[in-house]
Structure formats: C-alpha cells, structure tokens
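Source file: run-v4.cif. Holds: mmCIF, C-alpha atoms; chains and numbers go by the auth columns.
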data_coords
loop_
_atom_site.group_PDB
_atom_site.id
_atom_site.type_symbol
_atom_site.label_atom_id
_atom_site.label_comp_id
_atom_site.label_asym_id
_atom_site.label_seq_id
_atom_site.Cartn_x
_atom_site.Cartn_y
_atom_site.Cartn_z
_atom_site.B_iso_or_equiv
_atom_site.auth_seq_id
_atom_site.auth_asym_id
ATOM 1 C CA MET A 1 34.451 18.641 -5.945 0.00 527 A
ATOM 2 C CA THR A 2 30.732 19.033 -6.624 0.00 528 A
ATOM 3 C CA ALA A 3 28.538 17.632 -3.884 0.00 529 A
ATOM 4 C CA LEU A 4 25.944 15.082 -4.879 0.00 530 A
ATOM 5 C CA PRO A 5 22.312 16.047 -4.288 0.00 531 A
ATOM 6 C CA SER A 6 20.927 14.561 -1.101 0.00 532 A
ATOM 7 C CA ARG A 7 18.240 12.645 -3.036 0.00 533 A
ATOM 8 C CA THR A 8 20.949 11.012 -5.182 0.00 534 A
ATOM 9 C CA ILE A 9 22.814 9.896 -2.068 0.00 535 A
ATOM 10 C CA ALA A 10 19.605 8.583 -0.484 0.00 536 A
ATOM 11 C CA LEU A 11 18.701 6.716 -3.656 0.00 537 A
ATOM 12 C CA ALA A 12 22.129 5.109 -3.906 0.00 538 A
ATOM 13 C CA ALA A 13 21.882 4.020 -0.270 0.00 539 A
ATOM 14 C CA ALA A 14 18.403 2.601 -0.830 0.00 540 A
ATOM 15 C CA VAL A 15 19.477 0.579 -3.860 0.00 541 A
ATOM 16 C CA ALA A 16 22.538 -0.721 -2.020 0.00 542 A
ATOM 17 C CA LEU A 17 20.395 -1.831 0.902 0.00 543 A
ATOM 18 C CA LEU A 18 17.624 -3.421 -1.134 0.00 544 A
ATOM 19 C CA VAL A 19 19.858 -5.188 -3.649 0.00 545 A
ATOM 20 C CA GLY A 20 22.509 -6.265 -1.151 0.00 546 A
ATOM 21 C CA ALA A 21 22.300 -8.755 1.652 0.00 547 A
ATOM 22 C CA PRO A 22 18.808 -9.088 3.145 0.00 548 A
ATOM 23 C CA ALA A 23 18.181 -6.722 6.006 0.00 549 A
ATOM 24 C CA PRO A 24 17.328 -8.299 9.384 0.00 550 A
ATOM 25 C CA LEU A 25 13.641 -7.394 9.173 0.00 551 A
ATOM 26 C CA PRO A 26 10.732 -9.805 9.503 0.00 552 A
ATOM 27 C CA HIS A 27 8.860 -10.357 6.246 0.00 553 A
ATOM 28 C CA PRO A 28 5.344 -8.871 6.570 0.00 554 A
ATOM 29 C CA SER A 29 3.708 -12.010 5.182 0.00 555 A
ATOM 30 C CA SER A 30 5.143 -13.995 8.087 0.00 556 A
ATOM 31 C CA ILE A 31 3.651 -11.797 10.807 0.00 557 A
ATOM 32 C CA ARG A 32 -0.083 -12.567 10.643 0.00 558 A
ATOM 33 C CA PHE A 33 -1.703 -11.838 7.346 0.00 559 A
ATOM 34 C CA ARG A 34 -3.116 -15.354 7.609 0.00 560 A
ATOM 35 C CA GLN A 35 -6.368 -16.223 5.860 0.00 561 A
ATOM 36 C CA GLN A 36 -7.438 -19.171 3.731 0.00 562 A
ATOM 37 C CA GLY A 37 -5.454 -19.627 0.535 0.00 563 A
ATOM 38 C CA ASP A 38 -3.459 -16.617 -0.590 0.00 564 A
ATOM 39 C CA PRO A 39 -3.350 -14.455 2.549 0.00 565 A
ATOM 40 C CA VAL A 40 -3.229 -11.094 0.774 0.00 566 A
ATOM 41 C CA ALA A 41 -4.961 -11.796 -2.541 0.00 567 A
ATOM 42 C CA ALA A 42 -7.824 -9.360 -1.905 0.00 568 A
ATOM 43 C CA ARG A 43 -5.444 -6.371 -1.692 0.00 569 A
ATOM 44 C CA ALA A 44 -2.710 -7.514 -4.055 0.00 570 A
ATOM 45 C CA LYS A 45 -2.040 -6.689 -7.679 0.00 571 A
ATOM 46 C CA GLY A 46 0.176 -8.548 -10.088 0.00 572 A
ATOM 47 C CA ARG A 47 1.365 -12.073 -10.689 0.00 573 A
ATOM 48 C CA PRO A 48 1.556 -14.069 -7.431 0.00 574 A
ATOM 49 C CA ARG A 49 4.923 -15.532 -8.467 0.00 575 A
ATOM 50 C CA ALA A 50 6.401 -12.263 -9.724 0.00 576 A
ATOM 51 C CA PRO A 51 10.170 -11.997 -9.069 0.00 577 A
ATOM 52 C CA VAL A 52 9.710 -8.935 -6.840 0.00 578 A
ATOM 53 C CA THR A 53 7.091 -8.361 -4.151 0.00 579 A
ATOM 54 C CA VAL A 54 6.474 -4.875 -2.780 0.00 580 A
ATOM 55 C CA TYR A 55 4.492 -4.316 0.413 0.00 581 A
ATOM 56 C CA GLU A 56 3.193 -0.749 0.474 0.00 582 A
ATOM 57 C CA MET A 57 2.484 0.260 4.081 0.00 583 A
ATOM 58 C CA ALA A 58 0.192 3.249 3.854 0.00 584 A
ATOM 59 C CA ASP A 59 -2.465 5.378 5.517 0.00 585 A
ATOM 60 C CA PHE A 60 -5.535 6.486 3.537 0.00 586 A
ATOM 61 C CA GLN A 61 -5.539 9.895 5.264 0.00 587 A
ATOM 62 C CA CYS A 62 -1.838 10.518 4.628 0.00 588 A
ATOM 63 C CA PRO A 63 -1.245 13.319 2.066 0.00 589 A
ATOM 64 C CA ALA A 64 2.105 11.836 1.024 0.00 590 A
ATOM 65 C CA CYS A 65 0.409 8.480 0.374 0.00 591 A
ATOM 66 C CA ARG A 66 -2.141 10.247 -1.819 0.00 592 A
ATOM 67 C CA GLN A 67 0.710 11.958 -3.664 0.00 593 A
ATOM 68 C CA PHE A 68 2.337 8.584 -4.302 0.00 594 A
ATOM 69 C CA PHE A 69 -0.997 7.198 -5.498 0.00 595 A
ATOM 70 C CA THR A 70 -1.519 10.013 -7.987 0.00 596 A
ATOM 71 C CA THR A 71 2.034 10.550 -9.271 0.00 597 A
ATOM 72 C CA THR A 72 4.047 7.332 -8.970 0.00 598 A
ATOM 73 C CA LEU A 73 1.793 4.283 -8.653 0.00 599 A
ATOM 74 C CA PRO A 74 0.191 4.576 -12.139 0.00 600 A
ATOM 75 C CA ALA A 75 3.574 4.248 -13.850 0.00 601 A
ATOM 76 C CA ILE A 76 4.592 1.370 -11.582 0.00 602 A
ATOM 77 C CA GLU A 77 1.357 -0.429 -12.350 0.00 603 A
ATOM 78 C CA GLN A 78 1.828 -0.025 -16.085 0.00 604 A
ATOM 79 C CA ASP A 79 5.518 -0.916 -16.293 0.00 605 A
ATOM 80 C CA TYR A 80 6.011 -3.422 -13.484 0.00 606 A
ATOM 81 C CA ILE A 81 2.758 -4.853 -12.147 0.00 607 A
ATOM 82 C CA ARG A 82 0.969 -5.487 -15.448 0.00 608 A
ATOM 83 C CA THR A 83 4.147 -6.843 -17.034 0.00 609 A
ATOM 84 C CA GLY A 84 4.556 -9.495 -14.340 0.00 610 A
ATOM 85 C CA LYS A 85 7.733 -8.116 -12.818 0.00 611 A
ATOM 86 C CA VAL A 86 6.230 -6.982 -9.504 0.00 612 A
ATOM 87 C CA ARG A 87 3.505 -8.087 -7.166 0.00 613 A
ATOM 88 C CA TRP A 88 2.108 -5.155 -5.166 0.00 614 A
ATOM 89 C CA VAL A 89 0.485 -5.705 -1.766 0.00 615 A
ATOM 90 C CA PHE A 90 -1.248 -2.987 0.253 0.00 616 A
ATOM 91 C CA VAL A 91 -0.757 -3.057 4.020 0.00 617 A
ATOM 92 C CA ASN A 92 -2.886 -0.812 6.231 0.00 618 A
ATOM 93 C CA PHE A 93 -0.762 1.363 8.494 0.00 619 A
ATOM 94 C CA PRO A 94 -3.055 4.091 9.896 0.00 620 A
ATOM 95 C CA LEU A 95 -1.182 6.725 11.884 0.00 621 A
ATOM 96 C CA THR A 96 -3.881 7.365 14.442 0.00 622 A
ATOM 97 C CA GLN A 97 -2.075 10.107 16.368 0.00 623 A
ATOM 98 C CA VAL A 98 -2.158 12.467 13.391 0.00 624 A
ATOM 99 C CA HIS A 99 -4.940 11.058 11.191 0.00 625 A
ATOM 100 C CA PRO A 100 -8.132 10.514 13.208 0.00 626 A
ATOM 101 C CA ASN A 101 -10.154 9.101 10.291 0.00 627 A
ATOM 102 C CA ALA A 102 -7.474 6.743 9.003 0.00 628 A
ATOM 103 C CA VAL A 103 -8.630 3.668 10.921 0.00 629 A
ATOM 104 C CA ALA A 104 -12.227 4.055 9.756 0.00 630 A
ATOM 105 C CA ALA A 105 -11.006 4.419 6.171 0.00 631 A
ATOM 106 C CA ALA A 106 -8.847 1.301 6.468 0.00 632 A
ATOM 107 C CA GLU A 107 -11.717 -0.695 7.948 0.00 633 A
ATOM 108 C CA LEU A 108 -13.949 0.465 5.082 0.00 634 A
ATOM 109 C CA ALA A 109 -11.366 -0.645 2.531 0.00 635 A
ATOM 110 C CA MET A 110 -11.118 -4.061 4.164 0.00 636 A
ATOM 111 C CA CYS A 111 -14.907 -4.366 4.186 0.00 637 A
ATOM 112 C CA ALA A 112 -14.731 -3.701 0.453 0.00 638 A
ATOM 113 C CA ALA A 113 -12.033 -6.373 0.169 0.00 639 A
ATOM 114 C CA ARG A 114 -14.505 -8.925 1.506 0.00 640 A
ATOM 115 C CA GLN A 115 -16.675 -8.121 -1.513 0.00 641 A
ATOM 116 C CA GLY A 116 -13.759 -8.269 -3.944 0.00 642 A
ATOM 117 C CA ARG A 117 -13.746 -4.461 -4.275 0.00 643 A
ATOM 118 C CA PHE A 118 -10.662 -3.409 -2.353 0.00 644 A
ATOM 119 C CA TRP A 119 -8.900 -1.627 -5.203 0.00 645 A
ATOM 120 C CA PRO A 120 -11.895 0.443 -6.359 0.00 646 A
ATOM 121 C CA MET A 121 -12.389 1.506 -2.735 0.00 647 A
ATOM 122 C CA HIS A 122 -8.668 2.192 -2.337 0.00 648 A
ATOM 123 C CA ASP A 123 -8.724 4.493 -5.348 0.00 649 A
ATOM 124 C CA LEU A 124 -11.871 6.304 -4.234 0.00 650 A
ATOM 125 C CA LEU A 125 -10.515 6.967 -0.750 0.00 651 A
ATOM 126 C CA TYR A 126 -7.403 8.609 -2.141 0.00 652 A
ATOM 127 C CA ARG A 127 -9.220 10.560 -4.853 0.00 653 A
ATOM 128 C CA HIS A 128 -11.687 11.977 -2.336 0.00 654 A
ATOM 129 C CA GLN A 129 -9.276 12.283 0.594 0.00 655 A
ATOM 130 C CA THR A 130 -9.585 16.061 0.841 0.00 656 A
ATOM 131 C CA GLU A 131 -13.367 15.698 1.229 0.00 657 A
ATOM 132 C CA TRP A 132 -13.554 13.114 4.013 0.00 658 A
ATOM 133 C CA ALA A 133 -10.299 13.745 5.896 0.00 659 A
ATOM 134 C CA PRO A 134 -11.510 16.901 7.736 0.00 660 A
ATOM 135 C CA LEU A 135 -14.890 15.449 8.727 0.00 661 A
ATOM 136 C CA ALA A 136 -15.578 14.970 12.436 0.00 662 A
ATOM 137 C CA ASP A 137 -17.461 11.766 11.609 0.00 663 A
ATOM 138 C CA PRO A 138 -16.886 10.377 8.104 0.00 664 A
ATOM 139 C CA GLY A 139 -19.218 7.401 8.577 0.00 665 A
ATOM 140 C CA ARG A 140 -22.081 8.612 6.406 0.00 666 A
ATOM 141 C CA TYR A 141 -19.698 9.841 3.704 0.00 667 A
ATOM 142 C CA PHE A 142 -17.898 6.488 3.697 0.00 668 A
ATOM 143 C CA ARG A 143 -21.133 4.517 3.381 0.00 669 A
ATOM 144 C CA THR A 144 -22.263 6.675 0.473 0.00 670 A
ATOM 145 C CA LEU A 145 -18.876 6.338 -1.192 0.00 671 A
ATOM 146 C CA GLY A 146 -18.958 2.576 -0.757 0.00 672 A
ATOM 147 C CA VAL A 147 -22.470 2.055 -2.075 0.00 673 A
ATOM 148 C CA ASP A 148 -22.842 4.743 -4.739 0.00 674 A
ATOM 149 C CA SER A 149 -19.284 4.857 -6.086 0.00 675 A
ATOM 150 C CA ALA A 150 -17.700 1.482 -5.289 0.00 676 A
ATOM 151 C CA GLY A 151 -20.857 -0.539 -5.913 0.00 677 A
ATOM 152 C CA LEU A 152 -20.873 -2.363 -2.586 0.00 678 A
ATOM 153 C CA PRO A 153 -24.083 -4.045 -1.355 0.00 679 A
ATOM 154 C CA PRO A 154 -25.574 -1.551 1.122 0.00 680 A
ATOM 155 C CA ASP A 155 -26.726 -4.080 3.735 0.00 681 A
ATOM 156 C CA SER A 156 -23.452 -6.002 3.749 0.00 682 A
ATOM 157 C CA LEU A 157 -21.421 -2.802 3.908 0.00 683 A
ATOM 158 C CA ALA A 158 -23.520 -1.362 6.728 0.00 684 A
ATOM 159 C CA ALA A 159 -23.172 -4.552 8.772 0.00 685 A
ATOM 160 C CA CYS A 160 -19.422 -4.739 8.207 0.00 686 A
ATOM 161 C CA VAL A 161 -18.772 -1.089 9.055 0.00 687 A
ATOM 162 C CA THR A 162 -21.171 -0.856 12.001 0.00 688 A
ATOM 163 C CA THR A 163 -19.781 -3.935 13.748 0.00 689 A
ATOM 164 C CA ARG A 164 -16.186 -2.997 12.865 0.00 690 A
ATOM 165 C CA ALA A 165 -15.817 -6.488 11.462 0.00 691 A
ATOM 166 C CA THR A 166 -12.425 -5.739 9.915 0.00 692 A
ATOM 167 C CA ALA A 167 -10.876 -3.909 12.878 0.00 693 A
ATOM 168 C CA ALA A 168 -8.701 -6.879 13.831 0.00 694 A
ATOM 169 C CA GLU A 169 -7.403 -7.193 10.265 0.00 695 A
ATOM 170 C CA VAL A 170 -6.395 -3.540 10.208 0.00 696 A
ATOM 171 C CA GLU A 171 -4.604 -3.844 13.544 0.00 697 A
ATOM 172 C CA GLN A 172 -2.792 -6.983 12.343 0.00 698 A
ATOM 173 C CA ASP A 173 -1.645 -5.043 9.287 0.00 699 A
ATOM 174 C CA ALA A 174 -0.411 -2.160 11.444 0.00 700 A
ATOM 175 C CA ALA A 175 1.433 -4.550 13.769 0.00 701 A
ATOM 176 C CA ALA A 176 3.064 -6.207 10.759 0.00 702 A
ATOM 177 C CA ALA A 177 4.159 -2.817 9.415 0.00 703 A
ATOM 178 C CA ARG A 178 5.667 -1.850 12.755 0.00 704 A
ATOM 179 C CA GLY A 179 7.377 -5.224 12.980 0.00 705 A
ATOM 180 C CA ALA A 180 8.919 -4.662 9.547 0.00 706 A
ATOM 181 C CA GLY A 181 10.455 -1.416 10.813 0.00 707 A
ATOM 182 C CA ALA A 182 8.026 1.125 9.349 0.00 708 A
ATOM 183 C CA ASN A 183 7.429 4.293 11.353 0.00 709 A
ATOM 184 C CA ALA A 184 6.087 6.614 8.649 0.00 710 A
ATOM 185 C CA THR A 185 3.868 6.466 5.592 0.00 711 A
ATOM 186 C CA PRO A 186 4.222 5.548 2.885 0.00 712 A
ATOM 187 C CA SER A 187 6.881 2.913 3.513 0.00 713 A
ATOM 188 C CA PHE A 188 7.758 -0.008 1.262 0.00 714 A
ATOM 189 C CA TYR A 189 9.088 -3.394 2.265 0.00 715 A
ATOM 190 C CA ILE A 190 10.894 -4.774 -0.790 0.00 716 A
ATOM 191 C CA GLU A 191 12.636 -8.136 -0.724 0.00 717 A
ATOM 192 C CA GLY A 192 14.231 -7.739 2.684 0.00 718 A
ATOM 193 C CA GLY A 193 14.725 -3.983 2.836 0.00 719 A
ATOM 194 C CA LEU A 194 12.709 -0.946 3.845 0.00 720 A
ATOM 195 C CA LEU A 195 12.230 2.178 1.730 0.00 721 A
ATOM 196 C CA SER A 196 10.432 5.207 3.192 0.00 722 A
ATOM 197 C CA GLY A 197 8.799 8.176 1.513 0.00 723 A
ATOM 198 C CA ALA A 198 6.721 9.054 -1.554 0.00 724 A
ATOM 199 C CA TRP A 199 9.601 8.707 -3.998 0.00 725 A
ATOM 200 C CA PRO A 200 9.211 10.159 -7.519 0.00 726 A
ATOM 201 C CA VAL A 201 8.569 7.641 -10.270 0.00 727 A
ATOM 202 C CA ALA A 202 12.058 7.961 -11.806 0.00 728 A
ATOM 203 C CA ASP A 203 13.724 7.113 -8.486 0.00 729 A
ATOM 204 C CA PHE A 204 11.318 4.291 -7.678 0.00 730 A
ATOM 205 C CA ARG A 205 11.858 2.883 -11.163 0.00 731 A
ATOM 206 C CA ARG A 206 15.625 2.755 -10.573 0.00 732 A
ATOM 207 C CA VAL A 207 15.108 0.896 -7.303 0.00 733 A
ATOM 208 C CA LEU A 208 12.743 -1.666 -8.850 0.00 734 A
ATOM 209 C CA ASP A 209 14.934 -2.158 -11.918 0.00 735 A
ATOM 210 C CA SER A 210 17.972 -2.858 -9.744 0.00 736 A
ATOM 211 C CA ILE A 211 16.122 -5.356 -7.577 0.00 737 A
ATOM 212 C CA TYR A 212 14.471 -7.066 -10.543 0.00 738 A
ATOM 213 C CA LEU A 213 17.817 -7.508 -12.293 0.00 739 A
ATOM 214 C CA ALA A 214 19.380 -8.872 -9.118 0.00 740 A
ATOM 215 C CA LYS A 215 16.506 -11.311 -8.555 0.00 741 A
ATOM 216 C CA THR A 216 16.422 -12.619 -12.123 0.00 742 A
ATOM 217 C CA ALA A 217 20.160 -12.706 -12.853 0.00 743 A
ATOM 218 C CA VAL A 218 20.474 -16.364 -11.885 0.00 744 A
ATOM 219 C CA SER A 219 17.825 -17.480 -14.352 0.00 745 A
ATOM 220 C CA ARG A 220 19.377 -15.688 -17.326 0.00 746 A
#
When written as structure tokens, how does the structure in this file appear?
Amino acid sequence: MTALPSRTIALAAAVALLVGAPAPLPHPSSIRFRQQGDPVAARAKGRPRAPVTVYEMADFQCPACRQFFTTTLPAIEQDYIRTGKVRWVFVNFPLTQVHPNAVAAAELAMCAARQGRFWPMHDLLYRHQTEWAPLADPGRYFRTLGVDSAGLPPDSLAACVTTRATAAEVEQDAAAARGAGANATPSFYIEGGLLSGAWPVADFRRVLDSIYLAKTAVSR
C-alpha cells in the first residue's frame, strides 16, 4: 500500500478538526480585543458578517509569516475576502525570544491602525522585513517607513511610537493568541479550531472551502 504524503495526512486532520465539533479553545474575540464598536475593525478585512472568520496570529519579523503574506494571502484575499466568504483579522503575536524587533514592529502597526492605515503598514513591514529585521535599533527606519511610505502624520506617529501608546494592545493580542492555543507563527484560529504553519494556497483553499460549505449548508 502506498503511504500518503505527510502533508496530505496533516491537511486531512486539519479539515476534520476545523469542520467537526468545535475545539475547546477560547475564541480570540472574547479574550480582550475590546474597543468601542467593532473591536477589531482597524485590522480586519472582509465583510463583518462573513460566514467564516479567520484570526491570523502572526509576527512581523517571522520569515514564515512573510512567506504566507507573499505566497498565500493574495489568493485568499481575492477568492475569499473580497467575495464576502471570509473575514480576516490580524492578531499580533510577536515571538520576543527569537525576534527582538517584533514588538516594535507590532506597536508601529497598531499606531498606524489608529490612523486607519494598519493594512498599508502591515504590507510594508513584510515587504521590507529583510531590511529592518537585522537592525539593532529599527526605530528610525520604522518612523521613515511610516511617514514616507505609509503616509502617516509624522507628529502623531512620533508621539505614538515614543510613548509606546499601543504596547498594551499588542500584549493583549499576544495573550489572546496564547489563550487560543497558539505557540508558533503563523497560526490561524478558524471557527473553533487552530491551524499552524504557512500552508500553501492550495491546501489553505481546501480548508476554507470545507469550512465555508459546512457553515453555509443550513441556509441552502
């Protein structure tokens, strides 16, 4: 008998977990993403009432997260987010023991979120990751990136970054990710189950399709 590839077995297990009975994990939105109105609107994409919500728990300095951003997320955005099937929420999960600049990057992104510019800043941080990740102090680079490339107001950005005004938000995100069972990046909390790793687009598509069909079967 021919053995199945390990990725095929892992994918089958992931689909079974995510489509089956809800796993006993706390939902990230219940753990302290609390703000006025929609608690995660500033770092969410897609229709708020989409059938499927994906929480991406990621680290801006993580090479695997950058790989997911460049190879898988564009197709997901085109086929699932823009079509109203999926709402995508970014959750900061900086792995400080291995990525010393990850917290500063997350705080910068959340400062951008306060100006309605989270996603442009998100994209810039991943595109330029190889430039800022090895820096001993990325502060000046981050400020230049925020002002010159993301179009953030320089005074507001400087005040936000210097006072670490978003530090508590980043820590709340990280605590929520840990509470949901994540211990690596990227990880994805999808409708009661946890998926880990920068999965290729074909595999991620199969997971989302299965969950979407399961979630919408009642209404058809």
Check your understanding: Evaluating the PyMOL selection byres ((chain A and resi 617-631) around 6) on the displayed file yields which residues, as a PyMOL selection string?
Key -> chain A and resi 582-587+616+632-634+696+699-700
Point to revise | Which of A:Gly610, A:Ala724, A:Ser682, A:Tyr581 sits closest to Gln641 of chain A [using only C-alpha atoms] | key: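 For Gln641 of chain A, the nearest of the candidates is A:Ser682.
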Exercise for review: Report as a list in words the residues that result from applying the PyMOL selection byres ((chain A and resi 636) around 10) to the structure here.
Suggested key: Ala568, Arg569, Asn618, Ala630, Ala631, Ala632, Glu633, Leu634, Ala635, Cys637, Ala638, Ala639, Arg640, Gln641, Gly642, Arg643, Phe644, Trp645, Met647, His648, Cys686, Val687, Ala691, Thr692, Ala693, Glu695 and Val696 of chain A
Review point. How many Å separate atom CA of Trp614 of chain A from atom CA of Arg704 of chain A?
Key: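 One can read the atom CA of Trp614 of chain A to atom CA of Arg704 of chain A distance as 18.6 Å.
Restricting the calculation to all atoms listed in the file, the smallest distance between Leu678 of chain A and any of A:Pro646, A:Ile737, A:Arg573, A:Arg613 is found for A:Pro646.
Going from atom CA of Thr598 of chain A over to atom CA of Gly719 of chain A, you cover 19.5 Å.
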Cut-off 12 Å: closest segment 621-724 of chain A/segment 731-735 of chain A atom pairs per residue, using only C-alpha atoms, as a Markdown table:
| residue | atom | partner | partner_atom | distance |
| --- | --- | --- | --- | --- |
| A:Phe714 | CA | A:Val733 | CA | 11.3 |
| A:Tyr715 | CA | A:Leu734 | CA | 11.8 |
| A:Ile716 | CA | A:Leu734 | CA | 8.8 |
| A:Glu717 | CA | A:Leu734 | CA | 10.4 |
| A:Gly719 | CA | A:Val733 | CA | 11.3 |
| A:Leu720 | CA | A:Val733 | CA | 11.6 |
| A:Leu721 | CA | A:Val733 | CA | 9.6 |
Practice item. For Ala601 of chain A, work out the shell of residues within 10 Å, counting all atoms listed in the file and skipping chain neighbours fewer than 5 positions away, then give it as a list of chain:residue names. Key: A:Phe595, A:Thr596, A:Tyr606, A:Ile607, A:Val727, A:Ala728, A:Phe730, A:Arg731
Point to revise | Counting only C-alpha atoms, the residue of A:Cys591, A:Thr656, A:Gly572, A:Asp564 that sits nearest Ser722 of chain A | key: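 Once distances to Ser722 of chain A are computed over only C-alpha atoms, the minimum belongs to A:Cys591.
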Practice item. Rank A:Gln655, A:Ala702, A:Ala576, A:Gly672 by their smallest atom-to-atom distance to Ala590 of chain A, using all atoms listed in the file, and report the top residue only. Key: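 Nearest candidate to Ala590 of chain A out of A:Gln655, A:Ala702, A:Ala576, A:Gly672: A:Gln655.
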**Study point:** Selection dump of the PyMOL selection byres ((chain A and resi 738) around 9), as a ChimeraX atom specification
**Key:** /A:545,577-578,611-612,733-737,739-743
Practice item. Can you work out the spacing between atom CA of Val580 of chain A and atom CA of Val615 of chain A in Å, to one decimal? Key: 6.1 Å
Point to revise | Residues within 9 Å of (-15.6, 3.8, -8.8), counting all atoms listed in the file, listed as a list in words | key: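 Residues satisfying the cut-off, written out: Pro646, Met647, Asp649, Leu650, Leu671, Gly672, Asp674, Ser675, Ala676 and Gly677 of chain A.
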Please put the answer as JSON: centre and edge lengths, in Å with one decimal, of a box along x, y and z that encloses all listed atoms of segment 697-709 of chain A plus 6 Å on each side.
{"center_x": 2.9, "center_y": -1.3, "center_z": 11.5, "size_x": 27.1, "size_y": 23.3, "size_z": 16.5}
Practice item. Can you work out which one of A:Ser713, A:Pro600, A:Leu651, A:Gly723 has the shortest atom-to-atom distance to Pro664 of chain A, counting all atoms listed in the file? Key: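 Checking each of A:Ser713, A:Pro600, A:Leu651, A:Gly723 against Pro664 of chain A, counting all atoms listed in the file, the winner is A:Leu651.
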Rebuild segment 667-674 of chain A to all heavy atoms - output it as a tab-separated table (two decimals), in the coordinates of the input, please.
chain	number	residue	atom	x	y	z
A	667	TYR	N	-20.40	9.62	4.98
A	667	TYR	CA	-19.70	9.84	3.70
A	667	TYR	C	-19.12	8.52	3.20
A	667	TYR	O	-19.22	8.20	2.01
A	667	TYR	CB	-18.59	10.87	3.89
A	667	TYR	CG	-17.90	11.27	2.61
A	667	TYR	CD1	-18.28	12.40	1.90
A	667	TYR	CD2	-16.87	10.48	2.08
A	667	TYR	CE1	-17.67	12.75	0.72
A	667	TYR	CE2	-16.26	10.82	0.89
A	667	TYR	CZ	-16.65	11.95	0.22
A	667	TYR	OH	-16.03	12.28	-0.97
A	668	PHE	N	-18.50	7.75	4.09
A	668	PHE	CA	-17.90	6.49	3.70
A	668	PHE	C	-18.95	5.51	3.18
A	668	PHE	O	-18.72	4.81	2.18
A	668	PHE	CB	-17.16	5.86	4.88
A	668	PHE	CG	-15.82	6.48	5.16
A	668	PHE	CD1	-15.15	6.20	6.35
A	668	PHE	CD2	-15.20	7.33	4.24
A	668	PHE	CE1	-13.90	6.75	6.61
A	668	PHE	CE2	-13.95	7.88	4.51
A	668	PHE	CZ	-13.31	7.59	5.69
A	669	ARG	N	-20.09	5.44	3.84
A	669	ARG	CA	-21.13	4.52	3.38
A	669	ARG	C	-21.64	4.91	2.00
A	669	ARG	O	-21.88	4.06	1.14
A	669	ARG	CB	-22.26	4.45	4.41
A	669	ARG	CG	-21.88	3.68	5.68
A	669	ARG	CD	-23.09	3.44	6.57
A	669	ARG	NE	-23.56	4.66	7.19
A	669	ARG	CZ	-23.09	5.16	8.33
A	669	ARG	NH1	-22.10	4.54	8.96
A	669	ARG	NH2	-23.59	6.26	8.85
A	670	THR	N	-21.82	6.21	1.79
A	670	THR	CA	-22.26	6.68	0.47
A	670	THR	C	-21.21	6.38	-0.59
A	670	THR	O	-21.52	5.93	-1.70
A	670	THR	CB	-22.55	8.19	0.51
A	670	THR	OG1	-23.57	8.44	1.48
A	670	THR	CG2	-23.00	8.70	-0.85
A	671	LEU	N	-19.97	6.61	-0.26
A	671	LEU	CA	-18.88	6.34	-1.19
A	671	LEU	C	-18.83	4.85	-1.54
A	671	LEU	O	-18.64	4.48	-2.71
A	671	LEU	CB	-17.55	6.77	-0.57
A	671	LEU	CG	-16.32	6.89	-1.49
A	671	LEU	CD1	-16.51	8.02	-2.49
A	671	LEU	CD2	-15.06	7.13	-0.66
A	672	GLY	N	-19.02	4.01	-0.53
A	672	GLY	CA	-18.96	2.58	-0.76
A	672	GLY	C	-20.09	2.05	-1.61
A	672	GLY	O	-19.88	1.23	-2.50
A	673	VAL	N	-21.30	2.55	-1.36
A	673	VAL	CA	-22.47	2.06	-2.08
A	673	VAL	C	-22.60	2.71	-3.44
A	673	VAL	O	-22.73	2.02	-4.47
A	673	VAL	CB	-23.75	2.28	-1.24
A	673	VAL	CG1	-24.99	1.92	-2.05
A	673	VAL	CG2	-23.70	1.46	0.04
A	674	ASP	N	-22.57	4.03	-3.49
A	674	ASP	CA	-22.84	4.74	-4.74
A	674	ASP	C	-21.67	4.73	-5.71
A	674	ASP	O	-21.87	4.70	-6.93
A	674	ASP	CB	-23.23	6.20	-4.45
A	674	ASP	CG	-24.54	6.32	-3.70
A	674	ASP	OD1	-25.26	5.30	-3.61
A	674	ASP	OD2	-24.85	7.42	-3.21
